[in-house]
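What follows is a single structure, written as structure tokens, with notes after it.
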Amino acid sequence: MNYHVDERGYFGNFGGAYIPEMLYPNIEELWENYLSIIQHDSFQQEFHQLLRDYVGRPTPLYFAARLSEQYRAKIYLKREDLCHTGAHKINNTIGQILLAKRLGKQKVIAETGAGQHGVATATVCALMGMECIVYMGQLDMERQRPNVERMRILGTKVVPATSGNMTLKDATNEAMRHWINHPTDTHYIIGSVVGPHPYPDMVARFQSVISEEMKKQLNEIEGNPYPDYVLACVGGGSNAAGAFYHFLNDEHVNLIGIEAAGHGLTSGESAATTVLGKPGVLHGSKTLLMQTEDGQVEEPYSISAGLDYPGIGPQHAHLFETGRVQFLSATDDEAMQAGIELSRTEGVIPAIETAHAIAVLSKIEFNPDDVVVVNLSGRGDKDLETYIRWGKY
Amino acid sequence: MEHIETMNRIEELFSKKKQNILSVFFTAGFPSLNDTGTIALSLQQAGVDLIEIGIPFSDPIADGPVIQQSSKQAIDNGMTLKLLLEQVRELRKQVHIPIILMGYLNPVMQYGMEKFFNDATNAGVDGLILPDMPFDEYESVYRQSMEQAGLRNIFLISPTTSEARIRKIDEATNAFIYAVSSSSTTGAKEGFQAEQVQYFERLKNMNLKNPFLIGFGVSNANTFSTACVYGAGAIVGSAFINMLKQAQDIPSDIQIFVSLLKGKAS
Ligand SMILES: Cc1ncc(COP(=O)(O)O)c(C=O)c1O
């Protein structure tokens with residue numbers, strides 16, 4: 001079974017490049033050049049040097065002793081929360097800004113939900129002296145205020161998206177429209193493994209450093225590069241794609257993606273795409289999509305802005321369809337409780353997105369000697385207001 | 001079968017009329033759910049040559065604010081693809097000019113592609129514009145069934161489309177080419193820039209097999225007549241929808257809008 005992209009830009013039945021003609025030259029330029037650019041020695045050297053000296057990689061693989069005791073397994077946390085800017089998102093933005101430079105682009109646009117990708121984009125644009133505009137749903141601007149201000153401090157212009165539910169989907173629409181209107185001098189840094197080919201594959205490659213390090217670290221600590229489980233939350237799916245990447249063909253490694261169930265899978269207020277979605281086309285790719293009978297995309301709901309998206313990346317749709325990855329979900333309340341629990345057992349306040357992955361530890365029956373890696377995709381600083389509003393601590 | 005005799009309205013139009021073709025785009029189910037028929041009939045009466053009816057979609061990424069908003073209102077009004085086909089079937093009793101449905105792929109996919117091609121033809125639709133359908137997928141998967149159903153597929157090109165790709169698209173079409181006037185989303189702009197006119201000239205000099213109509217940013221007599229100098233005609237969308245938003249009496253306001261638009265060219 002091939003879990004990676006094929007030469008047509010598809011992952012099994014999903015993927016492709018469903019874009020209006022106005023975007024065709026941009027996408028063609030990318031898909032003709034991305035592999036040769038990112039596989040070039042000079043690119044790899046600059047990319048890895050920045051990941052080491054600027055982002056702070058490798059991130060630790062930390063044995064969480066008290067959590068392990070609680071769930072009776074050997075639980076490791078892959079500390080993406082310790083990356084510069086506080087989440088895995090910067091692995092991708094470093095890669096894409098280097099690509100943008102090599103394509104001769106002068107300006108950058110991005111969409112953001114939780115603001116983590118926006119901050120990571122604003123950061124690399126400041127680093128490289130590039131002009132940057134970030135689209136963000138107006139609702140998300142309100143619930144992730146600190147990140148809005150961080151972007152502004154970094155010199156980025158944050159533009160509110162006021163259509164639809166005013167969240168991530170709408171911000172993505174606005175970014176794509178901006179790109180249609182500025183096709184030649186601008187690179188669009190998509191923040192997850194979504195969008196037209198080659199984005200899903202490209203972003204997964206940049207994030208694959210996560211599982212590359214995991215393997216090496218597990219080999220050093222456990223004497224075996226293969227864990228029994230890898231857990232990661234799934235919004236669009238970039239941290240999960242990176243955490244799964246180097247284990248996809250090792251079928252004995254159980255890969256688990258965790259979606260946001262919001263107020264509950266059947267509540268009508270949820271973002272659990274694999275449960276509620278059907279194949280469809282949004283933002284340039286064919287994937288699983290929450291939608292009405294008539295093909296209108298439904299507005300998802302999650303307490304966490306980074307998981308509040310009606311689709312998942314096409315590779316995840318394929319991994320779900322083939323059964324290679326098992327998808328579980330956690331509700332708002334379960335995630336918030338898990339966030340508090342991790343804070344108290346390990347002294348780590350996770351991002352609320354990440355807390356969804358912690359929340360399913362109690363739903364899986366582990367053997368005591370199972371090696372479990374949870375991808376700790378981000379830290380909770382940006383979510384303090386949400387924690388405070390939730391209040392139960 | 002009823003659709004055999006009505007299947008070449010687009011070709012028929014372009015074989016009879018080579019110049020100053022006016023095509024008008026509007027969103028189905030806007031401003032009110034059942035305005036679709038009234039608007040189509042009024043456009044025919046006002047002397048419009050071709051109508052393009054937009055299938056509303058929740059996430060229209062190629063559209064500017066005006067069409068986005070009409071699309072949202074149409075969905076809120078209860079417009080669906082199934083209802084749109086019923087409306088087309090009904091309005092076909094009186095409207096005889098070519099009708100093209102334009103929309104994003106997802107609603108059509110959910111309806112079922114093949115089923116949609118057949119149902120659309122039977123309702124009296126002549127052609128489709130599906131801007132986010134990949135060219136290769138059209139060629140390898142849908143072309144045959146679309147042609148068998150008797151539908152024409154219309155492709156968009158833009159100023160950044162390469163000459164080789166324009167030729168490829170021209171080869172694969174037997175209706176007309178939709179030339180997007182600038183690298184932009186839909187929406188009215190103030191006149192054409194010099195580089196846009198150069199692009200129209202370049203297209204004209206390519207001597208394509210198919211005629212081309214210029215759309216996006218055509219909003220008044222001035223832009224319409226300029227477009228007609230280079231292309232076989234033009235498509236007006238956002239400006240028409242803006243007018244509809246304020247229309248007191250749809251038939252007479254359409255009459256006035258179209259005659260102002262045609263100005264010198266007719
Ligand atoms: C910390 C964190 N984790 C996860 C996500 C979800 O994105 P993805 O599924 O692409 O990893 C986000 C998105 O903003 C995030 O900030």
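Just so we're on the same page: first chain in the structure tokens is A, next is B, and so on; residues restart at 1 for each chain, and ligands are numbered from 1 in the order they show up.
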Could you pull out the residues sitting within 9 Å of ligand 1, using only C-alpha atoms and all ligand atoms, and write them as a PDB file with N, CA and C atoms, in the first residue's frame?
ATOM      1  N   GLU A  80       7.177  19.337  20.806  1.00  0.00           N
ATOM      2  CA  GLU A  80       7.078  20.399  19.790  1.00  0.00           C
ATOM      3  C   GLU A  80       6.692  21.741  20.416  1.00  0.00           C
ATOM      4  N   ASP A  81       6.133  21.676  21.633  1.00  0.00           N
ATOM      5  CA  ASP A  81       5.782  22.919  22.327  1.00  0.00           C
ATOM      6  C   ASP A  81       7.023  23.743  22.658  1.00  0.00           C
ATOM      7  N   GLY A  86       6.407  28.231  19.932  1.00  0.00           N
ATOM      8  CA  GLY A  86       5.496  27.452  20.767  1.00  0.00           C
ATOM      9  C   GLY A  86       4.702  26.342  20.127  1.00  0.00           C
ATOM     10  N   ALA A  87       5.001  25.992  18.884  1.00  0.00           N
ATOM     11  CA  ALA A  87       4.285  24.877  18.256  1.00  0.00           C
ATOM     12  C   ALA A  87       5.078  24.350  17.066  1.00  0.00           C
ATOM     13  N   HIS A  88       4.632  23.212  16.565  1.00  0.00           N
ATOM     14  CA  HIS A  88       5.265  22.580  15.410  1.00  0.00           C
ATOM     15  C   HIS A  88       5.170  23.420  14.148  1.00  0.00           C
ATOM     16  N   LYS A  89       4.245  24.378  14.114  1.00  0.00           N
ATOM     17  CA  LYS A  89       3.943  25.102  12.872  1.00  0.00           C
ATOM     18  C   LYS A  89       5.185  25.702  12.218  1.00  0.00           C
ATOM     19  N   THR A 112      -4.652  31.757   9.217  1.00  0.00           N
ATOM     20  CA  THR A 112      -4.404  31.143  10.508  1.00  0.00           C
ATOM     21  C   THR A 112      -5.695  30.947  11.285  1.00  0.00           C
ATOM     22  N   GLY A 113      -5.716  29.918  12.117  1.00  0.00           N
ATOM     23  CA  GLY A 113      -6.881  29.653  12.970  1.00  0.00           C
ATOM     24  C   GLY A 113      -6.545  30.066  14.387  1.00  0.00           C
ATOM     25  N   ALA A 114      -5.753  29.226  15.053  1.00  0.00           N
ATOM     26  CA  ALA A 114      -5.353  29.529  16.425  1.00  0.00           C
ATOM     27  C   ALA A 114      -4.380  30.698  16.481  1.00  0.00           C
ATOM     28  N   GLY A 115      -3.826  31.031  15.346  1.00  0.00           N
ATOM     29  CA  GLY A 115      -2.834  32.090  15.320  1.00  0.00           C
ATOM     30  C   GLY A 115      -1.414  31.553  15.393  1.00  0.00           C
ATOM     31  N   GLN A 116      -1.267  30.246  15.682  1.00  0.00           N
ATOM     32  CA  GLN A 116       0.079  29.673  15.774  1.00  0.00           C
ATOM     33  C   GLN A 116       0.777  29.687  14.421  1.00  0.00           C
ATOM     34  N   HIS A 117       0.033  29.301  13.378  1.00  0.00           N
ATOM     35  CA  HIS A 117       0.646  29.331  12.058  1.00  0.00           C
ATOM     36  C   HIS A 117       0.898  30.771  11.616  1.00  0.00           C
ATOM     37  N   GLY A 118      -0.016  31.662  11.969  1.00  0.00           N
ATOM     38  CA  GLY A 118       0.177  33.078  11.649  1.00  0.00           C
ATOM     39  C   GLY A 118       1.429  33.617  12.313  1.00  0.00           C
ATOM     40  N   GLY A 191      -0.825  26.556   6.101  1.00  0.00           N
ATOM     41  CA  GLY A 191      -0.388  26.169   7.433  1.00  0.00           C
ATOM     42  C   GLY A 191      -0.609  24.734   7.818  1.00  0.00           C
ATOM     43  N   SER A 192      -1.208  23.948   6.934  1.00  0.00           N
ATOM     44  CA  SER A 192      -1.396  22.549   7.294  1.00  0.00           C
ATOM     45  C   SER A 192      -1.282  21.698   6.035  1.00  0.00           C
ATOM     46  N   VAL A 193      -1.549  20.397   6.191  1.00  0.00           N
ATOM     47  CA  VAL A 193      -1.401  19.497   5.042  1.00  0.00           C
ATOM     48  C   VAL A 193      -2.679  19.492   4.205  1.00  0.00           C
ATOM     49  N   VAL A 194      -3.160  20.680   3.899  1.00  0.00           N
ATOM     50  CA  VAL A 194      -4.371  20.848   3.100  1.00  0.00           C
ATOM     51  C   VAL A 194      -4.023  21.648   1.849  1.00  0.00           C
ATOM     52  N   ALA A 232      -1.492  11.872  17.783  1.00  0.00           N
ATOM     53  CA  ALA A 232      -1.395  13.292  17.444  1.00  0.00           C
ATOM     54  C   ALA A 232      -2.783  13.840  17.150  1.00  0.00           C
ATOM     55  N   CYS A 233      -3.014  15.077  17.544  1.00  0.00           N
ATOM     56  CA  CYS A 233      -4.294  15.714  17.226  1.00  0.00           C
ATOM     57  C   CYS A 233      -4.319  16.084  15.742  1.00  0.00           C
ATOM     58  N   VAL A 234      -5.540  16.183  15.191  1.00  0.00           N
ATOM     59  CA  VAL A 234      -5.694  16.481  13.770  1.00  0.00           C
ATOM     60  C   VAL A 234      -6.658  17.652  13.571  1.00  0.00           C
ATOM     61  N   GLY A 235      -6.102  18.767  13.094  1.00  0.00           N
ATOM     62  CA  GLY A 235      -6.953  19.864  12.637  1.00  0.00           C
ATOM     63  C   GLY A 235      -7.013  19.698  11.132  1.00  0.00           C
ATOM     64  N   GLY A 236      -6.043  20.315  10.434  1.00  0.00           N
ATOM     65  CA  GLY A 236      -5.814  19.958   9.038  1.00  0.00           C
ATOM     66  C   GLY A 236      -4.974  18.696   8.978  1.00  0.00           C
ATOM     67  N   GLY A 237      -4.114  18.553   9.989  1.00  0.00           N
ATOM     68  CA  GLY A 237      -3.350  17.316  10.115  1.00  0.00           C
ATOM     69  C   GLY A 237      -1.851  17.436   9.949  1.00  0.00           C
ATOM     70  N   SER A 238      -1.267  18.633  10.116  1.00  0.00           N
ATOM     71  CA  SER A 238       0.163  18.742   9.823  1.00  0.00           C
ATOM     72  C   SER A 238       1.047  18.153  10.918  1.00  0.00           C
ATOM     73  N   ASN A 239       0.683  18.354  12.194  1.00  0.00           N
ATOM     74  CA  ASN A 239       1.560  17.775  13.221  1.00  0.00           C
ATOM     75  C   ASN A 239       1.433  16.257  13.192  1.00  0.00           C
ATOM     76  N   ALA A 240       0.225  15.767  12.910  1.00  0.00           N
ATOM     77  CA  ALA A 240       0.025  14.320  12.808  1.00  0.00           C
ATOM     78  C   ALA A 240       0.784  13.764  11.605  1.00  0.00           C
ATOM     79  N   ALA A 241       0.709  14.451  10.466  1.00  0.00           N
ATOM     80  CA  ALA A 241       1.409  13.971   9.271  1.00  0.00           C
ATOM     81  C   ALA A 241       2.903  13.869   9.540  1.00  0.00           C
ATOM     82  N   GLY A 242       3.438  14.856  10.263  1.00  0.00           N
ATOM     83  CA  GLY A 242       4.861  14.837  10.584  1.00  0.00           C
ATOM     84  C   GLY A 242       5.220  13.747  11.574  1.00  0.00           C
ATOM     85  N   GLU A 259      -9.425  13.811  16.581  1.00  0.00           N
ATOM     86  CA  GLU A 259     -10.184  14.960  16.090  1.00  0.00           C
ATOM     87  C   GLU A 259     -10.977  15.597  17.227  1.00  0.00           C
ATOM     88  N   SER A 304     -11.261  24.614  20.332  1.00  0.00           N
ATOM     89  CA  SER A 304      -9.900  24.962  19.945  1.00  0.00           C
ATOM     90  C   SER A 304      -9.875  25.464  18.504  1.00  0.00           C
ATOM     91  N   ALA A 305      -9.392  26.688  18.345  1.00  0.00           N
ATOM     92  CA  ALA A 305      -9.423  27.336  17.034  1.00  0.00           C
ATOM     93  C   ALA A 305      -8.611  26.550  15.996  1.00  0.00           C
ATOM     94  N   GLY A 306      -7.566  25.856  16.440  1.00  0.00           N
ATOM     95  CA  GLY A 306      -6.711  25.141  15.497  1.00  0.00           C
ATOM     96  C   GLY A 306      -7.317  23.855  14.968  1.00  0.00           C
ATOM     97  N   LEU A 307      -8.379  23.378  15.604  1.00  0.00           N
ATOM     98  CA  LEU A 307      -9.038  22.150  15.130  1.00  0.00           C
ATOM     99  C   LEU A 307     -10.392  22.453  14.492  1.00  0.00           C
ATOM    100  N   ASP A 308     -10.729  23.722  14.415  1.00  0.00           N
ATOM    101  CA  ASP A 308     -12.052  24.162  13.988  1.00  0.00           C
ATOM    102  C   ASP A 308     -12.101  24.273  12.457  1.00  0.00           C
ATOM    103  N   ILE A 312     -10.075  17.477   6.538  1.00  0.00           N
ATOM    104  CA  ILE A 312      -8.742  17.062   6.962  1.00  0.00           C
ATOM    105  C   ILE A 312      -7.905  16.963   5.694  1.00  0.00           C
ATOM    106  N   GLY A 313      -6.606  16.937   5.847  1.00  0.00           N
ATOM    107  CA  GLY A 313      -5.749  16.824   4.673  1.00  0.00           C
ATOM    108  C   GLY A 313      -6.044  15.545   3.904  1.00  0.00           C
ATOM    109  N   PRO A 350      -0.526  22.306  27.965  1.00  0.00           N
ATOM    110  CA  PRO A 350      -0.539  22.126  26.508  1.00  0.00           C
ATOM    111  C   PRO A 350      -1.501  23.095  25.821  1.00  0.00           C
ATOM    112  N   ALA A 351      -1.270  23.304  24.537  1.00  0.00           N
ATOM    113  CA  ALA A 351      -2.269  23.977  23.708  1.00  0.00           C
ATOM    114  C   ALA A 351      -3.548  23.142  23.758  1.00  0.00           C
ATOM    115  N   ILE A 352      -4.681  23.773  23.578  1.00  0.00           N
ATOM    116  CA  ILE A 352      -5.943  23.024  23.678  1.00  0.00           C
ATOM    117  C   ILE A 352      -6.078  22.025  22.521  1.00  0.00           C
ATOM    118  N   GLU A 353      -5.501  22.356  21.369  1.00  0.00           N
ATOM    119  CA  GLU A 353      -5.457  21.384  20.270  1.00  0.00           C
ATOM    120  C   GLU A 353      -4.785  20.098  20.774  1.00  0.00           C
ATOM    121  N   THR A 354      -3.594  20.284  21.327  1.00  0.00           N
ATOM    122  CA  THR A 354      -2.797  19.161  21.810  1.00  0.00           C
ATOM    123  C   THR A 354      -3.512  18.385  22.918  1.00  0.00           C
ATOM    124  N   ALA A 355      -4.231  19.101  23.762  1.00  0.00           N
ATOM    125  CA  ALA A 355      -4.921  18.466  24.885  1.00  0.00           C
ATOM    126  C   ALA A 355      -5.908  17.406  24.398  1.00  0.00           C
ATOM    127  N   LEU A 376       3.336  16.352  21.312  1.00  0.00           N
ATOM    128  CA  LEU A 376       2.882  17.524  22.067  1.00  0.00           C
ATOM    129  C   LEU A 376       3.032  18.747  21.170  1.00  0.00           C
ATOM    130  N   SER A 377       2.012  18.956  20.332  1.00  0.00           N
ATOM    131  CA  SER A 377       2.175  19.883  19.205  1.00  0.00           C
ATOM    132  C   SER A 377       2.392  21.337  19.596  1.00  0.00           C
ATOM    133  N   GLY A 378       1.867  21.749  20.770  1.00  0.00           N
ATOM    134  CA  GLY A 378       2.063  23.157  21.112  1.00  0.00           C
ATOM    135  C   GLY A 378       1.785  23.450  22.568  1.00  0.00           C
ATOM    136  N   ARG A 379       2.234  24.605  22.994  1.00  0.00           N
ATOM    137  CA  ARG A 379       2.045  24.981  24.395  1.00  0.00           C
ATOM    138  C   ARG A 379       0.819  25.869  24.575  1.00  0.00           C
ATOM    139  N   GLY A 380       0.384  25.965  25.836  1.00  0.00           N
ATOM    140  CA  GLY A 380      -0.921  26.557  26.120  1.00  0.00           C
ATOM    141  C   GLY A 380      -0.954  28.053  26.352  1.00  0.00           C
ATOM    142  N   LYS A 382      -1.086  30.616  24.502  1.00  0.00           N
ATOM    143  CA  LYS A 382      -2.073  31.309  23.677  1.00  0.00           C
ATOM    144  C   LYS A 382      -3.496  31.042  24.155  1.00  0.00           C
TER     145      LYS A 382
END
Counting only C-alpha atoms, collect the residues of chain B whose closest atom lies at most 8 Å from chain A, and write them out as number ranges by chain. B: 57-64, 80-81, 105-111, 131-134, 156-158, 160-161, 183-185
Please report, as a ChimeraX atom specification, each residue of segment 43-201 of chain A to which DSSP assigns helix (DSSP H, G or I) when run on this structure's backbone. /A:43-55,65-71,80-82,89-102,116-128,138-143,145-153,168-181,199-201
List the spatial neighbours of segment 35-49 of chain B as an MDAnalysis selection string - criterion: any atom at most 6 Å away, only C-alpha atoms, same-chain residues fewer than 5 positions off excluded. chainID B and resid 22:23 28:29 91 95 251 255
Interatomic distance between atom CA of Ala271 of chain A and atom CA of Gln73 of chain B?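 Separating atom CA of Ala271 of chain A from atom CA of Gln73 of chain B is a distance of 24.4 Å.
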Any idea what's packed within 6 Å of segment 130-144 of chain A, counting only C-alpha atoms, ignoring anything in its chain fewer than 3 positions away? Could you give it as a count of residues only? 19
Shell of 7 Å around Leu319 of chain A, only C-alpha atoms, local chain residues under 5 positions omitted, as a ChimeraX atom specification: /A:3,324-325
Just list the residues in segment 42-218 of chain B DSSP gives strand (DSSP E) on the backbone, as a PyMOL selection string. chain B and resi 50-55+99-103+127-129+152-153+156-157+177-180+212-215
Fewer than 2 positions away in the same chain doesn't count, so skip those; otherwise give me all residues within 6 Å of segment 51-53 of chain B, counting only C-alpha atoms, as a VMD selection string. chain B and resid 23 to 28 99 to 102
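Shortest separation to Gly103 of chain B among B:Ala74, B:Val88, B:Val125, B:Ile55 occurs at residue B:Ile55, atoms counted being only C-alpha atoms.
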Give me the residues within 12 Å of Cys228 of chain B as a list in words, counting only C-alpha atoms and dropping any in the same chain fewer than 5 places off. Lys18, Gln19, Asn20, Ile21, Leu22, Ser23, Val197, Phe200, Glu201, Lys204, Pro211, Phe212, Leu213, Ile214, Gly215, Val218, Ala221, Asn222, Thr223, Gly233, Ala234, Ile235, Leu261, Lys262, Gly263, Lys264, Ala265 and Ser266 of chain B
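Restricting the calculation to only C-alpha atoms, the smallest distance between His197 of chain A and any of A:Ala330, A:Ile258, A:Leu30, A:Val360 is found for A:Leu30.
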Which one of A:Thr287, A:Asn33, A:Ser270, A:Gln337 sits closest to Arg102 of chain A if you count only C-alpha atoms?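 Comparing A:Thr287, A:Asn33, A:Ser270, A:Gln337 against Arg102 of chain A, the winner is A:Asn33.
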What is the distance between atom CA of Glu46 of chain A and atom CA of Gln207 of chain A, in Å to one decimal?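 Computing it gives 15.6 Å between the two atoms.
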